[in-house]
$ cat coords32.csv   # CSV, C-alpha atoms
chain,number,residue,atom,x,y,z
Z,1,MET,CA,121.1,159.8,28.6
Z,2,ARG,CA,124.5,158.4,27.7
Z,3,PHE,CA,127.5,159.6,29.6
Z,4,ALA,CA,131.1,158.7,28.5
Z,5,ILE,CA,134.1,158.6,30.9
Z,6,ASP,CA,137.7,158.4,30.0
Z,7,ALA,CA,138.7,155.7,32.5
Z,8,HIS,CA,142.1,154.7,31.1
Z,9,ALA,CA,143.7,155.2,34.5
Z,10,ILE,CA,141.9,152.1,35.9
Z,11,GLY,CA,144.3,149.2,36.3
Z,12,GLN,CA,147.4,151.2,35.5
Z,13,HIS,CA,148.4,152.0,39.1
Z,14,LEU,CA,147.9,155.7,38.6
Z,15,THR,CA,147.1,156.1,42.3
Z,16,GLY,CA,144.8,159.1,42.9
Z,17,ASN,CA,143.5,159.4,39.3
Z,18,GLU,CA,142.6,155.7,39.3
Z,19,VAL,CA,141.0,155.8,42.8
Z,20,TYR,CA,138.9,158.8,41.7
Z,21,ILE,CA,137.5,157.4,38.5
Z,22,ARG,CA,137.0,153.8,39.8
Z,23,ASN,CA,135.0,155.0,42.8
Z,24,LEU,CA,132.8,157.3,40.7
Z,25,LEU,CA,132.0,154.5,38.3
Z,26,GLU,CA,131.3,152.0,41.0
Z,27,CYS,CA,128.9,154.5,42.7
Z,28,PHE,CA,127.2,155.4,39.4
Z,29,SER,CA,126.4,151.7,39.1
Z,30,ALA,CA,125.2,151.4,42.7
Z,31,LEU,CA,122.9,154.4,42.5
Z,32,GLY,CA,120.7,152.7,39.9
Z,33,ASP,CA,120.6,155.8,37.7
Z,34,PRO,CA,118.8,155.2,34.4
Z,35,ALA,CA,121.6,156.7,32.3
Z,36,CYS,CA,123.9,154.6,30.2
Z,37,PHE,CA,127.6,154.9,31.3
Z,38,ILE,CA,130.4,154.1,28.8
Z,39,ALA,CA,133.9,153.8,30.2
Z,40,TYR,CA,136.9,154.0,27.9
Z,41,ILE,CA,139.5,151.7,29.6
Z,42,SER,CA,143.0,150.7,28.7
Z,43,VAL,CA,143.3,147.5,30.7
Z,44,PRO,CA,141.0,144.6,29.7
Z,45,HIS,CA,138.8,143.1,32.5
Z,46,ALA,CA,139.0,146.3,34.6
Z,47,GLY,CA,136.4,144.8,37.0
Z,48,LEU,CA,133.7,147.5,36.5
Z,49,ALA,CA,130.2,146.5,37.5
Z,50,ARG,CA,127.3,146.5,35.2
Z,51,PRO,CA,125.6,148.5,33.8
Z,52,VAL,CA,128.8,150.3,32.9
Z,53,GLU,CA,129.7,149.6,29.2
Z,54,THR,CA,133.4,149.5,28.4
Z,55,ARG,CA,135.4,150.2,25.3
Z,56,LEU,CA,139.1,149.3,25.1
Z,57,VAL,CA,141.4,152.2,24.1
Z,58,SER,CA,145.1,152.5,23.8
Z,59,ARG,CA,147.5,153.1,26.7
Z,60,ASN,CA,149.4,155.4,24.4
Z,61,PRO,CA,148.1,158.9,25.0
Z,62,PHE,CA,149.0,160.1,21.5
Z,63,VAL,CA,146.8,157.4,20.0
Z,64,ARG,CA,144.0,157.7,22.6
Z,65,LEU,CA,143.8,161.5,22.6
Z,66,GLY,CA,144.9,162.0,19.0
Z,67,TRP,CA,142.2,160.1,17.2
Z,68,GLN,CA,140.9,157.0,19.0
Z,69,LEU,CA,138.6,158.6,21.6
Z,70,THR,CA,137.2,160.9,18.9
Z,71,SER,CA,136.3,158.0,16.8
Z,72,TYR,CA,134.6,156.2,19.6
Z,73,LEU,CA,132.6,159.3,20.6
Z,74,ARG,CA,131.4,159.8,17.1
Z,75,ARG,CA,130.2,156.2,17.1
Z,76,ASP,CA,128.8,156.1,20.6
Z,77,ARG,CA,127.2,159.6,20.5
Z,78,PRO,CA,127.1,160.2,24.3
Z,79,HIS,CA,125.8,163.5,25.6
Z,80,LEU,CA,129.2,164.4,27.2
Z,81,LEU,CA,132.6,163.1,27.9
Z,82,HIS,CA,134.2,163.3,31.4
Z,83,VAL,CA,138.0,163.4,31.4
Z,84,GLN,CA,140.8,164.0,33.9
Z,85,TYR,CA,143.0,167.0,32.9
Z,86,THR,CA,143.1,166.4,29.2
Z,87,ALA,CA,140.4,166.0,26.5
Z,88,PRO,CA,140.9,164.5,23.1
Z,89,LEU,CA,142.2,166.9,20.4
Z,90,ALA,CA,138.9,166.8,18.6
Z,91,CYS,CA,135.9,166.3,20.9
Z,92,PRO,CA,132.5,166.2,19.2
Z,93,VAL,CA,130.5,166.3,22.5
Z,94,PRO,CA,130.6,168.6,25.6
Z,95,VAL,CA,133.5,168.1,28.0
Z,96,VAL,CA,133.4,167.9,31.8
Z,97,VAL,CA,137.0,167.9,33.1
Z,98,SER,CA,138.3,167.0,36.5
Z,99,VAL,CA,141.4,169.0,37.5
Z,100,HIS,CA,142.6,167.8,40.9
Z,101,ASP,CA,145.3,170.5,41.2
Z,102,VAL,CA,147.5,172.8,39.2
Z,103,SER,CA,150.9,171.8,40.8
Z,104,PHE,CA,152.4,171.7,37.3
Z,105,LEU,CA,151.9,175.5,37.2
Z,106,GLU,CA,152.6,176.4,40.8
Z,107,HIS,CA,155.5,173.9,41.3
Z,108,PRO,CA,156.9,172.9,37.9
Z,109,GLU,CA,160.1,171.7,39.7
Z,110,PHE,CA,158.2,168.6,40.8
Z,111,PHE,CA,157.8,167.5,37.1
Z,112,THR,CA,160.1,166.7,34.2
Z,113,ALA,CA,160.3,169.7,31.9
Z,114,SER,CA,158.4,167.8,29.1
Z,115,ARG,CA,155.6,166.7,31.4
Z,116,ALA,CA,155.1,170.2,32.9
Z,117,CYS,CA,155.1,171.7,29.3
Z,118,GLN,CA,152.6,169.1,28.1
Z,119,LEU,CA,150.2,169.7,31.0
Z,120,ARG,CA,150.4,173.5,30.6
Z,121,HIS,CA,149.2,173.2,27.0
Z,122,THR,CA,146.7,170.4,27.2
Z,123,VAL,CA,145.0,171.5,30.5
Z,124,LYS,CA,144.7,175.1,29.2
Z,125,ARG,CA,143.0,173.8,26.0
Z,126,THR,CA,140.7,171.4,27.8
Z,127,ILE,CA,139.5,174.0,30.4
Z,128,ALA,CA,138.9,176.5,27.6
Z,129,GLN,CA,136.6,174.0,25.7
Z,130,SER,CA,135.0,172.5,28.8
Z,131,ALA,CA,131.4,173.0,30.0
Z,132,ARG,CA,132.3,172.4,33.6
Z,133,VAL,CA,135.5,172.0,35.6
Z,134,LEU,CA,135.4,169.7,38.7
Z,135,THR,CA,137.9,169.9,41.4
Z,136,PRO,CA,138.0,168.4,44.9
Z,137,SER,CA,138.8,171.3,47.2
Z,138,GLU,CA,138.3,175.0,47.6
Z,139,PHE,CA,142.0,175.4,47.6
Z,140,SER,CA,142.2,173.9,44.1
Z,141,ARG,CA,139.2,175.9,42.9
Z,142,ALA,CA,140.9,179.1,43.8
Z,143,ALA,CA,144.1,178.1,42.2
Z,144,ILE,CA,142.4,177.0,39.0
Z,145,GLU,CA,140.5,180.2,38.7
Z,146,ARG,CA,143.6,182.2,39.5
Z,147,HIS,CA,145.5,180.6,36.6
Z,148,TYR,CA,142.6,180.2,34.2
Z,149,PRO,CA,140.3,183.2,34.4
Z,150,GLY,CA,138.0,181.5,31.8
Z,151,ALA,CA,137.2,178.8,34.4
Z,152,ARG,CA,135.5,181.3,36.7
Z,153,GLY,CA,131.8,180.5,37.0
Z,154,LYS,CA,132.1,177.0,35.7
Z,155,THR,CA,134.4,175.4,38.3
Z,156,MET,CA,132.6,173.4,40.9
Z,157,VAL,CA,134.0,171.7,44.1
Z,158,VAL,CA,133.1,168.0,44.4
Z,159,PRO,CA,135.1,166.6,47.3
Z,160,ASN,CA,136.9,163.3,47.0
Z,161,ALA,CA,136.2,160.6,49.6
Z,162,VAL,CA,137.4,157.3,51.0
Z,163,SER,CA,136.2,153.9,49.9
Z,164,SER,CA,134.0,152.0,52.3
Z,165,SER,CA,136.6,149.2,52.2
Z,166,PHE,CA,138.9,151.3,54.3
Z,167,ARG,CA,137.9,150.5,57.8
Z,168,PRO,CA,139.9,149.4,60.9
Z,169,ILE,CA,141.2,145.9,61.3
Z,170,GLN,CA,141.9,144.8,64.9
Z,171,ARG,CA,145.4,146.2,65.5
Z,172,ASP,CA,147.2,143.1,66.8
Z,173,GLN,CA,145.7,141.0,64.0
Z,174,ALA,CA,146.8,143.6,61.4
Z,175,ARG,CA,150.3,143.7,62.9
Z,176,GLU,CA,150.7,140.0,62.8
Z,177,ARG,CA,149.6,139.9,59.1
Z,178,VAL,CA,151.9,142.8,58.2
Z,179,ALA,CA,154.8,140.9,59.8
Z,180,GLY,CA,154.0,137.8,57.8
Z,181,ARG,CA,153.4,139.7,54.5
Z,182,PHE,CA,156.1,142.3,54.7
Z,183,GLY,CA,158.5,141.1,57.4
Z,184,ILE,CA,158.0,144.3,59.4
Z,185,ARG,CA,157.8,143.7,63.1
Z,186,GLY,CA,157.3,146.2,65.9
Z,187,PRO,CA,155.7,149.7,65.8
Z,188,PHE,CA,156.1,151.7,62.7
Z,189,LEU,CA,155.3,155.0,61.1
Z,190,LEU,CA,153.7,154.9,57.7
Z,191,ASN,CA,153.8,157.0,54.6
Z,192,VAL,CA,151.8,156.4,51.4
Z,193,GLY,CA,152.7,158.1,48.1
Z,194,ASP,CA,154.7,157.5,44.9
Z,195,LEU,CA,158.4,158.3,45.3
Z,196,GLN,CA,158.4,161.7,43.7
Z,197,PRO,CA,159.7,165.1,44.8
Z,198,ARG,CA,156.3,166.6,45.6
Z,199,LYS,CA,155.7,163.9,48.2
Z,200,ASN,CA,158.8,164.9,50.2
Z,201,GLN,CA,160.0,161.4,51.3
Z,202,LEU,CA,163.5,162.9,51.6
Z,203,GLY,CA,162.3,165.3,54.2
Z,204,LEU,CA,160.5,162.5,56.0
Z,205,ILE,CA,163.7,160.4,56.2
Z,206,ARG,CA,165.6,163.3,57.7
Z,207,ALA,CA,162.8,163.9,60.3
Z,208,PHE,CA,162.8,160.2,61.1
Z,209,GLU,CA,166.5,160.3,61.7
Z,210,GLU,CA,166.1,163.2,64.0
Z,211,LEU,CA,163.4,161.4,65.9
Z,212,ILE,CA,165.6,158.4,66.6
Z,213,ARG,CA,168.6,160.5,67.3
Z,214,HIS,CA,166.7,162.5,70.0
Z,215,HIS,CA,164.8,159.5,71.3
Z,216,PRO,CA,167.1,156.4,70.9
Z,217,ARG,CA,164.8,154.2,73.0
Z,218,LEU,CA,162.1,154.4,70.4
Z,219,GLU,CA,161.7,151.1,68.5
Z,220,HIS,CA,159.7,152.5,65.6
Z,221,HIS,CA,160.4,151.7,62.0
Z,222,LEU,CA,159.5,153.8,58.9
Z,223,VAL,CA,157.5,152.2,56.1
Z,224,LEU,CA,157.2,153.9,52.7
Z,225,VAL,CA,154.5,152.7,50.4
Z,226,GLY,CA,154.5,153.8,46.8
Z,227,GLN,CA,155.8,153.2,43.2
Z,228,ASN,CA,159.2,154.3,42.0
Z,229,LYS,CA,158.8,157.6,40.3
Z,230,LEU,CA,161.1,160.6,39.6
Z,231,ASP,CA,162.6,160.8,43.1
Z,232,ALA,CA,163.0,157.1,43.7
Z,233,PRO,CA,166.8,156.8,43.3
Z,234,ALA,CA,167.5,159.8,45.7
Z,235,VAL,CA,165.0,158.5,48.3
Z,236,ARG,CA,166.4,155.0,48.3
Z,237,GLN,CA,170.0,156.3,48.4
Z,238,ALA,CA,169.1,158.5,51.4
Z,239,ALA,CA,167.6,155.5,53.2
Z,240,GLN,CA,170.6,153.3,52.4
Z,241,GLN,CA,173.1,155.9,53.7
Z,242,SER,CA,171.0,156.6,56.9
Z,243,PHE,CA,172.3,155.5,60.3
Z,244,VAL,CA,168.8,154.0,60.7
Z,245,SER,CA,168.8,152.3,57.3
Z,246,GLY,CA,167.7,149.0,58.9
Z,247,ARG,CA,164.5,150.5,60.1
Z,248,ILE,CA,163.4,152.1,56.7
Z,249,HIS,CA,161.3,149.8,54.5
Z,250,PHE,CA,160.0,150.2,51.0
Z,251,THR,CA,157.0,148.1,49.9
Z,252,GLY,CA,156.5,149.4,46.4
Z,253,TYR,CA,152.9,149.6,45.1
Z,254,VAL,CA,150.5,147.6,47.2
Z,255,GLU,CA,146.9,146.6,46.5
Z,256,GLU,CA,144.0,148.0,48.5
Z,257,GLU,CA,143.8,145.0,50.8
Z,258,ASP,CA,147.4,145.2,51.9
Z,259,LEU,CA,147.2,149.0,52.2
Z,260,ARG,CA,144.3,148.6,54.6
Z,261,LEU,CA,146.4,146.2,56.7
Z,262,LEU,CA,149.3,148.7,56.8
Z,263,TYR,CA,147.0,151.6,57.8
Z,264,SER,CA,145.5,149.5,60.6
Z,265,ALA,CA,148.8,148.2,61.9
Z,266,CYS,CA,150.8,151.5,62.0
Z,267,GLU,CA,151.2,153.7,65.0
Z,268,VAL,CA,151.2,157.0,63.1
Z,269,PHE,CA,150.5,158.0,59.5
Z,270,VAL,CA,152.8,160.8,58.2
Z,271,PHE,CA,152.0,162.7,55.1
Z,272,PRO,CA,154.7,165.4,54.5
Z,273,SER,CA,153.7,166.3,50.9
Z,274,TYR,CA,154.5,169.8,49.8
Z,275,TYR,CA,151.4,170.2,47.7
Z,276,GLU,CA,148.1,168.4,47.3
Z,277,GLY,CA,144.8,169.3,45.6
Z,278,PHE,CA,143.1,167.0,48.1
Z,279,GLY,CA,145.1,164.1,49.8
Z,280,ILE,CA,143.0,160.9,49.6
Z,281,PRO,CA,145.6,158.9,51.7
Z,282,ILE,CA,144.8,161.2,54.7
Z,283,LEU,CA,141.2,160.1,54.7
Z,284,GLU,CA,142.1,156.5,54.0
Z,285,ALA,CA,144.4,156.5,57.1
Z,286,MET,CA,141.8,158.2,59.3
Z,287,ALA,CA,139.1,155.7,58.2
Z,288,CYS,CA,141.3,152.8,59.3
Z,289,GLY,CA,141.9,154.4,62.7
Z,290,CYS,CA,145.3,156.0,62.2
Z,291,ALA,CA,146.6,159.0,64.1
Z,292,VAL,CA,147.6,161.4,61.3
Z,293,ALA,CA,150.4,164.0,61.1
Z,294,CYS,CA,150.4,166.0,57.8
Z,295,SER,CA,151.6,169.1,56.1
Z,296,ASN,CA,149.9,172.5,56.8
Z,297,THR,CA,150.1,173.5,53.1
Z,298,SER,CA,147.7,173.6,50.1
Z,299,ALA,CA,144.5,171.5,50.6
Z,300,MET,CA,145.6,169.3,53.4
Z,301,PRO,CA,144.3,171.5,56.3
Z,302,GLU,CA,141.0,171.7,54.5
Z,303,VAL,CA,140.7,168.0,54.2
Z,304,ALA,CA,142.1,167.0,57.7
Z,305,ASP,CA,140.5,170.0,59.5
Z,306,GLY,CA,141.2,169.5,63.3
Z,307,ALA,CA,141.7,165.8,63.0
Z,308,ALA,CA,145.5,165.8,62.4
Z,309,ILE,CA,148.7,167.2,63.8
Z,310,PHE,CA,150.0,169.7,61.3
Z,311,PHE,CA,153.6,170.7,60.5
Z,312,ASP,CA,155.6,172.8,58.0
Z,313,PRO,CA,156.9,170.2,55.4
Z,314,HIS,CA,160.0,172.4,55.0
Z,315,SER,CA,160.9,172.1,58.7
Z,316,THR,CA,162.6,168.9,59.8
Z,317,GLY,CA,162.1,170.0,63.4
Z,318,GLU,CA,158.4,170.5,63.1
Z,319,MET,CA,157.9,167.2,61.3
Z,320,MET,CA,160.0,165.4,63.9
Z,321,ARG,CA,158.0,166.9,66.8
Z,322,ALA,CA,154.7,166.0,65.3
Z,323,MET,CA,155.8,162.4,64.9
Z,324,ARG,CA,157.3,162.4,68.4
Z,325,ASP,CA,154.2,163.6,70.0
Z,326,LEU,CA,152.0,161.1,68.3
Z,327,ALA,CA,154.4,158.2,68.9
Z,328,LEU,CA,155.1,159.0,72.6
Z,329,ILE,CA,151.8,160.4,73.9
Z,330,GLY,CA,149.2,157.6,73.9
Z,331,GLU,CA,146.3,159.8,74.9
Z,332,LEU,CA,147.0,162.2,72.1
Z,333,ARG,CA,147.3,159.3,69.6
Z,334,ALA,CA,144.0,157.8,70.8
Z,335,ARG,CA,142.3,161.2,70.5
Z,336,MET,CA,143.5,161.8,67.0
Z,337,ARG,CA,142.4,158.4,66.0
Z,338,ARG,CA,138.8,159.1,67.2
Z,339,LEU,CA,138.8,162.5,65.5
Z,340,GLY,CA,140.1,161.1,62.3
Z,341,GLN,CA,137.5,158.4,62.0
Z,342,SER,CA,134.8,161.0,62.6
Z,343,ARG,CA,136.3,163.3,60.0
Z,344,ALA,CA,136.7,160.6,57.3
Z,345,ALA,CA,133.0,159.6,57.8
Z,346,ARG,CA,132.0,163.0,56.5
Z,347,PHE,CA,133.3,162.2,53.0
Z,348,SER,CA,131.3,159.9,50.8
Z,349,TRP,CA,132.0,158.6,47.2
Z,350,GLU,CA,128.3,158.1,46.9
Z,351,GLN,CA,127.7,161.8,47.6
Z,352,ALA,CA,130.5,162.7,45.1
Z,353,ALA,CA,128.9,160.5,42.5
Z,354,ARG,CA,125.5,162.1,43.1
Z,355,GLN,CA,127.0,165.6,42.7
Z,356,THR,CA,128.8,164.6,39.6
Z,357,LEU,CA,125.7,163.1,38.1
Z,358,GLU,CA,123.8,166.3,38.7
Z,359,ILE,CA,126.5,168.2,36.8
Z,360,TYR,CA,126.3,165.6,34.0
Z,361,TYR,CA,122.6,166.2,33.6
Z,362,GLU,CA,122.9,169.9,33.8
Z,363,VAL,CA,125.6,169.9,31.0
Z,364,ALA,CA,123.7,167.4,28.9
Z,365,GLY,CA,120.5,169.4,29.1
Z,366,ALA,CA,122.1,172.7,28.3
Z,367,GLY,CA,121.0,173.6,24.8
Z,368,ARG,CA,120.5,169.9,23.8
Z,369,ASP,CA,117.2,168.1,23.2
Z,370,SER,CA,118.0,164.6,24.3
Z,371,ALA,CA,114.9,163.2,22.6
Z,372,SER,CA,116.1,164.4,19.2
Z,373,ILE,CA,119.5,162.6,19.4
Z,374,GLU,CA,119.5,159.3,17.7
Z,375,GLN,CA,120.6,156.6,20.1
Z,376,PRO,CA,122.9,153.9,18.6
Z,377,ALA,CA,122.7,150.3,19.4
Z,378,ARG,CA,124.9,149.4,22.4
Z,379,ALA,CA,128.2,148.0,21.4
Z,380,ALA,CA,129.4,144.7,23.0
Z,381,ARG,CA,131.3,145.0,26.2
Z,382,THR,CA,135.0,144.3,26.0
$ encode --input "coords32.csv" --output "structure tokens"
Amino acid sequence: MRFAIDAHAIGQHLTGNEVYIRNLLECFSALGDPACFIAYISVPHAGLARPVETRLVSRNPFVRLGWQLTSYLRRDRPHLLHVQYTAPLACPVPVVVSVHDVSFLEHPEFFTASRACQLRHTVKRTIAQSARVLTPSEFSRAAIERHYPGARGKTMVVPNAVSSSFRPIQRDQARERVAGRFGIRGPFLLNVGDLQPRKNQLGLIRAFEELIRHHPRLEHHLVLVGQNKLDAPAVRQAAQQSFVSGRIHFTGYVEEEDLRLLYSACEVFVFPSYYEGFGIPILEAMACGCAVACSNTSAMPEVADGAAIFFDPHSTGEMMRAMRDLALIGELRARMRRLGQSRAARFSWEQAARQTLEIYYEVAGAGRDSASIEQPARAART
């Protein structure tokens, strides 16, 4: 069997999409499955382990999806292609598509008009032609099937997970290294997510201001980790104009090693997003021993279950009280840390990879005689 994966997100700091496809590919390799895996990547030397073969494709989506992937697929002749959200215009093999959420339909205000329009058209086309639709939560499955009736019966939930590299570092050691690496000293609250409207950093800054206003003896800082996206100017301006501006820090994008340090060093992880199809940072934080406070909307209660303090992301007061309780009540914080680590341990990328492979084999075997397909010589790795 030959399975092809559009892995252009790897190496491009595309956050959740990159985490998802990289972990699947790494686990495919570790499982020792006899299938041949072909990854179409846009960044040379993406660091994928053998036996994954790689082909270099353009970062330009019009080139990649317009003709380049189609050309590769006709040459490589895989049994299927796995994509995230969008398949190439002409796809000569069956498609498995991962749709993590449909926020572009339910909350188009979180996107530029052109991006929302593009996703509406390309995702609709891809789901219509797909053999299977994968999604990480029951929340997203229901939303997909509500908006795309044709997806009913072929949408399957394969939960995301957390990489085994996310594990606790001794807290004092982590704090010392964070102080040296980022210049952040003292206790801090942590948020991870690109600076975009959906992630609600503006609401978080307001709640942090209220926390310090009502509890002026607190010494906590607020650390925001994430790339500058659509909402970055507004978020940074709000931080600069805040009466606690000296306590609000922006790190930009950080690599996994530094992210693990920040998770291990923080007092509380706060995730005030308005909408998530899953919420991988919640599990990453829990796996590193963080006490988590997060929104009570979309898929986040499904992911965190009883291992987080929930709040309405539209309510500054609720968010502030959740942060306050975890920051001030040591016993509560310790309890949520224990519950969080237990919760995160229930999610495994290896299990996600096994489920995904089962779906690949099911699709590849449906109406296709693999023995009759001529297998081309393997192309050289890029």
$ atom_distance --input "coords32.csv" --atom1 "CA of Leu48 in chain Z" --atom2 "CA of Ala87 in chain Z"
22.1 Å
$ atom_distance --input "coords32.csv" --atom1 "CA of Glu210 in chain Z" --atom2 "CA of Ser103 in chain Z"
29.0 Å
$ closest_residue --input "coords32.csv" --among "Z:Ser298, Z:Asn228, Z:Thr356, Z:Gln170" --to "His13 in chain Z" --atoms "all atoms listed in the file"
Z:Asn228
$ residues_around --input "coords32.csv" --residues "Gly289 in chain Z" --least-positions-apart "3" --cutoff "12 Å" --atoms "all atoms listed in the file" --output "PyMOL selection string"
chain Z and resi 166-171+174+260-269+282-286+292+307-308+333-345
$ closest_residue --input "coords32.csv" --among "Z:Arg181, Z:Arg77, Z:Arg236, Z:His100" --to "Met1 in chain Z" --atoms "all atoms listed in the file"
Z:Arg77
$ closest_residue --input "coords32.csv" --among "Z:His214, Z:Arg177, Z:Lys154, Z:Arg125" --to "Arg321 in chain Z" --atoms "all atoms listed in the file"
Z:His214
$ closest_residue --input "coords32.csv" --among "Z:Asp258, Z:Pro159, Z:Leu328, Z:Phe188" --to "His215 in chain Z" --atoms "all atoms listed in the file"
Z:Leu328
$ closest_residue --input "coords32.csv" --among "Z:Glu176, Z:Glu276, Z:Glu26, Z:Asp6" --to "Ser98 in chain Z" --atoms "all atoms listed in the file"
Z:Asp6
